[in-house]
Amino acid sequence: MKRSQLRDISMEVMVGAFMFMILLALGFFTIILSYENIFRQYHEVTVKFDHVSGLRQGDNVFLRGVMIGRVRSLIVENDRVEVTASLQRPVNMREGYRIEIIPSSVLGGQYLSIDEGPPDAPALPEDTVLYGRPPVDLIDEATSAVQAVRQSLDEGEVLHNLEAIMAQVNTITHQLSAGEGTLGRLLMEDEVYNELAQVTTNLRTVSEQLSTGQGTLGRLLMEDDVYNELEQLTANLRSVSEQMSTGQGTLGKLIADDELYEEAQLLMREVRAAIDDFRETAPITTFTSIFFGAF
Amino acid sequence: MLLLFRNTGTAMCMLLEAFRDMPFMLSRRHRHDVLHQQFLTAIKSLGVITVVALFTGMILALQTGLELRRFGQEVYIGSAVTVVMLREMGPFMTALIIAASVGSAMAAQIGTMTVSEEIAALEVMAIKPVRYLVTPRLLAMIMMMPLVTIYTNIIGVVGGAVVGHTQLGVSITAYMDNATQFAENKDLYVGLLKSILFGIIIATVACHQGFATTQGAVGVGQATRRTVVVSFLVILTVGYMVTRLFYQ
């Protein structure tokens, strides 16, 4: 075989091998990018949404956080969007199921989240039409919140009130800085400080005198004599009260003995009778005195 | 301006004639020519294409990843690199390399043949220069450009994965998962359509400039330079138009 023929053959082999490999790669990538593996069985799930908020063909499908498939198609119907997903495993829906479209990141992207429902809930029939919950648009939510705040600021006169408050605060701070009013003088003048310092000094002196037992209060606080005398006085009072309660002595008898009370009552009655007698005899006595006085 | 229109018209006539002669490429004699051109277009260019594609993917991944890292979203470099490579950078980088290496070589070869009156000799021998010189090159370009573009895409995506794994801490699995999540078959095939158009542009410009060569060796140099410049400009323009057509 000639060298030129060998060269031609090697050229053909290289070109052919390159084409073969690249075509294989093309087929591989076509299958990969079509989101489906022809050697695997898929289970379709169809869900109806009011709107899908940018969900795209090929977006992931998660079952309780585990990726189990991809969105295969989205068909716009009269008032809803029908989303069909290819799942790698069958999903048995139960009552209380949740199918939602969730944003996958702050940069965008969505995924379909499936929750089959509580384990003890009854299973839904296979021909049940599944309905998904409309997605929460974070941007819309944030925009609505900002609009609500703005509206409350505009219509609720919050801004006006804030302006009035700020004007008042401005006036107060101006007066404070000018040393007007009690607070202003407290802040701006040294006189009050000096007086407070004097008061503090006086208090310190008083407390020192008290602690050293000087003066009446100091002696009351620091010496035991007064306490002992008070204790003695208390004991004496207790003794007197005991004697009185047992009827000893004049006061005790006054309090405890009924005889004195009765004698006092009798005395009072006799005195009242004597007064009545005197009142009855008084006119006669007077007349007699006048009559005999004339002579 | 008149010269531009005239050159464009001449190039289009040559292209149409080359397409008309395509069936003749099935003959044994022309098959060898086509194979030789395929070898020159694809196999001989693989070295430089590998390096360029690898670093294109790596640069794309690094630049995109560093920006995405600020938002904690560097895992998305897989999709960014793959989509950009499939849609734009793969066909574009391949076309630039092929235009600069193969296209300029075509222009130089045909230009040399023109100034040395080999083309005239072919015509005297009743051999059609377009069928003999242009059609094999055009067919080889049409066939090999998509394949080389696929190769560029693969190497670029691999380069991105390497940078993602080593520099940005994105695992290969996460990178590939993300890459396949956002890229679509449409991206791949629109890119391949672009590469076919780019192949036609390169072959047409190179052969036309070769046939239009005058003034000896100096003219050959000028034809080579013009081939590269004109090819780049037309590739950019057509690339934008195709992108605009398919992605509105």
# chains A, B, ... in the order shown; residues from 1 in each chain; ligands from 1
>>> interface_residues(of="chain B", to="chain A", cutoff="7 Å", atoms="only C-alpha atoms", output="PyMOL selection string")
chain B and resi 35+38-39+43+147+150-151+180-181+183-185
>>> write_last_selection(atoms="N, CA and C atoms", output="compact mmCIF listing (two decimals), in the first residue's frame")
# COMPACT_ATOMS: atom_id res chain seq x y z
N LEU B 35 -13.14 15.23 1.84
CA LEU B 35 -12.56 14.63 3.04
C LEU B 35 -11.31 15.40 3.48
N GLN B 38 -12.40 18.53 5.09
CA GLN B 38 -12.96 18.25 6.42
C GLN B 38 -11.84 18.05 7.43
N PHE B 39 -10.82 17.34 6.98
CA PHE B 39 -9.68 17.10 7.85
C PHE B 39 -9.02 18.42 8.25
N ILE B 43 -10.08 18.49 12.12
CA ILE B 43 -9.03 17.79 12.88
C ILE B 43 -7.82 18.68 13.10
N LEU B 147 -20.13 20.27 13.93
CA LEU B 147 -19.47 19.27 14.77
C LEU B 147 -18.39 19.91 15.64
N ILE B 150 -20.03 21.76 18.44
CA ILE B 150 -20.42 20.88 19.55
C ILE B 150 -19.21 20.56 20.42
N TYR B 151 -18.09 20.28 19.75
CA TYR B 151 -16.86 20.01 20.49
C TYR B 151 -16.48 21.23 21.35
N THR B 180 -28.09 21.59 32.99
CA THR B 180 -29.15 20.95 32.20
C THR B 180 -30.52 21.48 32.55
N GLN B 181 -30.63 22.16 33.70
CA GLN B 181 -31.94 22.66 34.11
C GLN B 181 -32.40 23.83 33.25
N ALA B 183 -30.65 25.08 30.29
CA ALA B 183 -30.38 25.01 28.85
C ALA B 183 -31.46 24.17 28.17
N GLU B 184 -31.76 24.53 26.95
CA GLU B 184 -32.80 23.81 26.21
C GLU B 184 -32.24 23.32 24.89
N ASN B 185 -32.97 22.38 24.30
CA ASN B 185 -32.57 21.89 22.98
C ASN B 185 -32.56 23.02 21.96
>>> residues_around(residues="region 210-213 of chain A", least_positions_apart="6", cutoff="7 Å", atoms="only C-alpha atoms", output="PyMOL selection string")
chain A and resi 219+221-222
>>> select_by_dssp(residues="region 52-185 of chain B", states="alpha helix (DSSP H)", output="PyMOL selection string")
chain B and resi 52-69+77-84+90-98+104-115+118-124+129+135-167+172-182+185
>>> write_last_selection(atoms="C-alpha atoms", output="compact mmCIF listing (two decimals), in the first residue's frame")
# COMPACT_ATOMS: atom_id res chain seq x y z
CA VAL B 52 -9.65 28.55 23.22
CA ALA B 53 -12.87 26.76 24.22
CA LEU B 54 -11.43 25.58 27.54
CA PHE B 55 -10.34 29.06 28.52
CA THR B 56 -13.53 30.63 27.23
CA GLY B 57 -15.54 28.38 29.52
CA MET B 58 -13.17 28.99 32.41
CA ILE B 59 -13.28 32.77 32.01
CA LEU B 60 -17.06 32.75 31.69
CA ALA B 61 -17.41 30.65 34.83
CA LEU B 62 -14.98 32.76 36.81
CA GLN B 63 -16.45 36.11 35.85
CA THR B 64 -20.04 35.00 36.26
CA GLY B 65 -19.30 33.04 39.42
CA LEU B 66 -17.54 35.92 41.12
CA GLU B 67 -20.51 38.18 40.53
CA LEU B 68 -23.03 35.53 41.53
CA ARG B 69 -21.03 34.81 44.68
CA ILE B 77 -22.69 29.32 36.94
CA GLY B 78 -23.55 25.95 35.41
CA SER B 79 -26.58 27.36 33.68
CA ALA B 80 -24.85 30.63 32.82
CA VAL B 81 -21.85 28.98 31.17
CA THR B 82 -23.89 26.32 29.36
CA VAL B 83 -26.51 28.67 27.99
CA VAL B 84 -23.94 31.23 26.86
CA GLY B 90 -19.57 28.18 21.08
CA PRO B 91 -20.56 29.03 17.48
CA PHE B 92 -18.91 32.44 17.62
CA MET B 93 -15.55 31.35 19.00
CA THR B 94 -15.43 28.39 16.63
CA ALA B 95 -16.22 30.61 13.67
CA LEU B 96 -13.53 33.10 14.63
CA ILE B 97 -10.90 30.39 14.94
CA ILE B 98 -11.90 28.67 11.72
CA SER B 104 -7.27 32.58 5.69
CA ALA B 105 -5.51 29.44 4.43
CA MET B 106 -8.24 28.94 1.83
CA ALA B 107 -7.93 32.52 0.65
CA ALA B 108 -4.16 32.26 0.50
CA GLN B 109 -4.26 29.00 -1.44
CA ILE B 110 -6.84 30.10 -3.98
CA GLY B 111 -5.28 33.55 -4.19
CA THR B 112 -1.90 32.03 -4.99
CA MET B 113 -3.52 29.84 -7.62
CA THR B 114 -5.21 32.92 -9.08
CA VAL B 115 -2.12 35.09 -9.29
CA GLU B 118 -3.64 28.12 -12.18
CA ILE B 119 -7.31 29.06 -12.15
CA ALA B 120 -7.05 30.15 -15.76
CA ALA B 121 -5.33 26.88 -16.56
CA LEU B 122 -8.18 24.96 -14.95
CA GLU B 123 -10.68 26.83 -17.09
CA VAL B 124 -8.60 26.07 -20.18
CA PRO B 129 -12.87 26.33 -10.69
CA THR B 135 -17.74 23.30 -3.50
CA PRO B 136 -15.54 20.84 -1.55
CA ARG B 137 -14.54 23.58 0.85
CA LEU B 138 -18.08 24.81 1.24
CA LEU B 139 -19.42 21.30 1.83
CA ALA B 140 -16.65 20.53 4.29
CA MET B 141 -17.41 23.73 6.17
CA ILE B 142 -21.15 23.04 6.27
CA MET B 143 -20.54 19.53 7.55
CA MET B 144 -17.76 20.18 10.02
CA MET B 145 -18.63 23.54 11.54
CA PRO B 146 -21.56 22.19 13.60
CA LEU B 147 -19.47 19.27 14.77
CA VAL B 148 -16.57 21.47 15.79
CA THR B 149 -19.06 23.78 17.51
CA ILE B 150 -20.42 20.88 19.55
CA TYR B 151 -16.86 20.01 20.49
CA THR B 152 -16.26 23.66 21.52
CA ASN B 153 -19.43 23.63 23.60
CA ILE B 154 -18.40 20.48 25.43
CA ILE B 155 -14.90 21.74 26.17
CA GLY B 156 -16.25 25.13 27.27
CA VAL B 157 -18.74 23.58 29.66
CA VAL B 158 -16.03 21.30 31.04
CA GLY B 159 -13.75 24.31 31.53
CA GLY B 160 -16.53 26.07 33.42
CA ALA B 161 -17.05 23.02 35.61
CA VAL B 162 -13.33 22.88 36.45
CA VAL B 163 -13.29 26.53 37.53
CA GLY B 164 -16.58 26.15 39.35
CA HIS B 165 -15.28 23.18 41.30
CA THR B 166 -11.80 24.47 42.07
CA GLN B 167 -12.34 28.22 42.45
CA ILE B 172 -19.55 18.94 39.49
CA THR B 173 -22.95 17.34 40.13
CA ALA B 174 -24.54 20.66 41.11
CA TYR B 175 -22.90 22.35 38.13
CA MET B 176 -24.19 19.77 35.64
CA ASP B 177 -27.62 19.67 37.30
CA ASN B 178 -27.91 23.40 36.96
CA ALA B 179 -26.51 23.36 33.44
CA THR B 180 -29.15 20.95 32.20
CA GLN B 181 -31.94 22.66 34.11
CA PHE B 182 -31.86 25.94 32.26
CA ASN B 185 -32.57 21.89 22.98
>>> residues_around(residues="Ile255 (chain A)", least_positions_apart="6", cutoff="9 Å", atoms="only C-alpha atoms", output="number ranges by chain")
A: 244-245, 247, 261
>>> write_last_selection(atoms="all heavy atoms", output="mmCIF file, in the first residue's frame")
data_model
loop_
_atom_site.group_PDB
_atom_site.id
_atom_site.type_symbol
_atom_site.label_atom_id
_atom_site.label_comp_id
_atom_site.auth_asym_id
_atom_site.auth_seq_id
_atom_site.Cartn_x
_atom_site.Cartn_y
_atom_site.Cartn_z
ATOM 1 N N MET A 244 -53.745 46.921 136.240
ATOM 2 C CA MET A 244 -55.067 47.469 135.964
ATOM 3 C C MET A 244 -56.026 46.378 135.524
ATOM 4 O O MET A 244 -57.186 46.349 135.931
ATOM 5 C CB MET A 244 -54.968 48.558 134.876
ATOM 6 C CG MET A 244 -54.363 49.861 135.384
ATOM 7 S SD MET A 244 -54.055 51.010 134.031
ATOM 8 C CE MET A 244 -55.742 51.457 133.671
ATOM 9 N N SER A 245 -55.528 45.483 134.710
ATOM 10 C CA SER A 245 -56.422 44.423 134.234
ATOM 11 C C SER A 245 -56.803 43.461 135.356
ATOM 12 O O SER A 245 -57.884 42.857 135.317
ATOM 13 C CB SER A 245 -55.741 43.651 133.090
ATOM 14 O OG SER A 245 -54.583 43.022 133.585
ATOM 15 N N GLY A 247 -57.234 44.500 138.414
ATOM 16 C CA GLY A 247 -58.027 45.267 139.369
ATOM 17 C C GLY A 247 -57.243 45.745 140.565
ATOM 18 O O GLY A 247 -57.828 46.099 141.617
ATOM 19 N N TYR A 261 -68.645 51.459 140.197
ATOM 20 C CA TYR A 261 -69.543 51.955 139.134
ATOM 21 C C TYR A 261 -70.960 52.130 139.652
ATOM 22 O O TYR A 261 -71.621 53.144 139.399
ATOM 23 C CB TYR A 261 -69.503 50.985 137.934
ATOM 24 C CG TYR A 261 -70.537 51.249 136.885
ATOM 25 C CD1 TYR A 261 -70.415 52.360 136.030
ATOM 26 C CD2 TYR A 261 -71.666 50.440 136.768
ATOM 27 C CE1 TYR A 261 -71.379 52.623 135.097
ATOM 28 C CE2 TYR A 261 -72.622 50.698 135.829
ATOM 29 C CZ TYR A 261 -72.477 51.796 134.983
ATOM 30 O OH TYR A 261 -73.459 52.055 134.061
#
>>> closest_atom_pairs(of="region 18-98 of chain A", to="region 120-128 of chain A", cutoff="9 Å", atoms="only C-alpha atoms", output="tab-separated table")
residue	atom	partner	partner_atom	distance
A:Asn92	CA	A:Ala123	CA	7.0
A:Met93	CA	A:Leu124	CA	5.8
A:Arg94	CA	A:Ala123	CA	4.1
A:Glu95	CA	A:Ala121	CA	5.7
A:Gly96	CA	A:Ala121	CA	7.4
>>> write_last_selection(atoms="N, CA, C and O atoms", output="PDB file, in the first residue's frame")
ATOM      1  N   ASN A  92     -49.208   9.468  45.010  1.00  0.00           N
ATOM      2  CA  ASN A  92     -50.599   9.212  45.378  1.00  0.00           C
ATOM      3  C   ASN A  92     -51.117  10.373  46.226  1.00  0.00           C
ATOM      4  O   ASN A  92     -50.715  10.528  47.382  1.00  0.00           O
ATOM      5  N   MET A  93     -51.973  11.159  45.622  1.00  0.00           N
ATOM      6  CA  MET A  93     -52.492  12.342  46.309  1.00  0.00           C
ATOM      7  C   MET A  93     -53.565  11.940  47.321  1.00  0.00           C
ATOM      8  O   MET A  93     -54.382  11.061  47.055  1.00  0.00           O
ATOM      9  N   ARG A  94     -53.544  12.636  48.437  1.00  0.00           N
ATOM     10  CA  ARG A  94     -54.559  12.415  49.475  1.00  0.00           C
ATOM     11  C   ARG A  94     -55.281  13.728  49.756  1.00  0.00           C
ATOM     12  O   ARG A  94     -54.811  14.784  49.344  1.00  0.00           O
ATOM     13  N   GLU A  95     -56.362  13.620  50.472  1.00  0.00           N
ATOM     14  CA  GLU A  95     -57.093  14.855  50.821  1.00  0.00           C
ATOM     15  C   GLU A  95     -56.186  15.747  51.659  1.00  0.00           C
ATOM     16  O   GLU A  95     -55.489  15.270  52.556  1.00  0.00           O
ATOM     17  N   GLY A  96     -56.226  17.038  51.355  1.00  0.00           N
ATOM     18  CA  GLY A  96     -55.339  17.973  52.063  1.00  0.00           C
ATOM     19  C   GLY A  96     -54.009  18.147  51.356  1.00  0.00           C
ATOM     20  O   GLY A  96     -53.075  18.690  51.944  1.00  0.00           O
TER      21      GLY A  96
END
>>> atom_distance(atom1="CA of Asp115 (chain A)", atom2="CA of Arg98 (chain A)")
5.0 Å
>>> residues_around(residues="Leu176 (chain A)", least_positions_apart="6", cutoff="8 Å", atoms="only C-alpha atoms", output="ChimeraX atom specification")
/A:183-185,187-188
>>> write_last_selection(atoms="all heavy atoms", output="CSV table (one decimal), in the first residue's frame")
chain,number,residue,atom,x,y,z
A,183,LEU,N,-35.9,73.1,82.7
A,183,LEU,CA,-35.0,72.1,82.1
A,183,LEU,C,-33.8,72.8,81.4
A,183,LEU,O,-32.7,72.4,81.5
A,183,LEU,CB,-35.7,71.2,81.1
A,183,LEU,CG,-36.4,69.9,81.7
A,183,LEU,CD1,-37.1,69.2,80.6
A,183,LEU,CD2,-35.3,69.0,82.2
A,184,GLY,N,-34.1,73.9,80.7
A,184,GLY,CA,-33.1,74.6,80.0
A,184,GLY,C,-32.1,75.2,81.0
A,184,GLY,O,-30.9,75.1,80.8
A,185,ARG,N,-32.6,75.7,82.1
A,185,ARG,CA,-31.7,76.3,83.1
A,185,ARG,C,-30.8,75.1,83.8
A,185,ARG,O,-29.7,75.3,84.0
A,185,ARG,CB,-32.4,77.0,84.2
A,185,ARG,CG,-33.1,78.3,83.6
A,185,ARG,CD,-33.8,79.0,84.7
A,185,ARG,NE,-32.9,79.5,85.7
A,185,ARG,CZ,-33.3,80.0,86.9
A,185,ARG,NH1,-34.6,80.1,87.2
A,185,ARG,NH2,-32.4,80.4,87.8
A,187,LEU,N,-29.9,72.5,82.3
A,187,LEU,CA,-28.9,72.1,81.3
A,187,LEU,C,-27.8,73.1,81.1
A,187,LEU,O,-26.7,72.8,81.0
A,187,LEU,CB,-29.6,71.8,79.9
A,187,LEU,CG,-30.4,70.5,79.8
A,187,LEU,CD1,-31.1,70.4,78.5
A,187,LEU,CD2,-29.4,69.3,79.9
A,188,MET,N,-28.3,74.4,81.1
A,188,MET,CA,-27.4,75.4,80.6
A,188,MET,C,-26.7,76.2,81.7
A,188,MET,O,-25.6,76.8,81.5
A,188,MET,CB,-28.1,76.4,79.7
A,188,MET,CG,-28.8,75.7,78.5
A,188,MET,SD,-27.7,74.7,77.5
A,188,MET,CE,-26.6,76.0,76.9
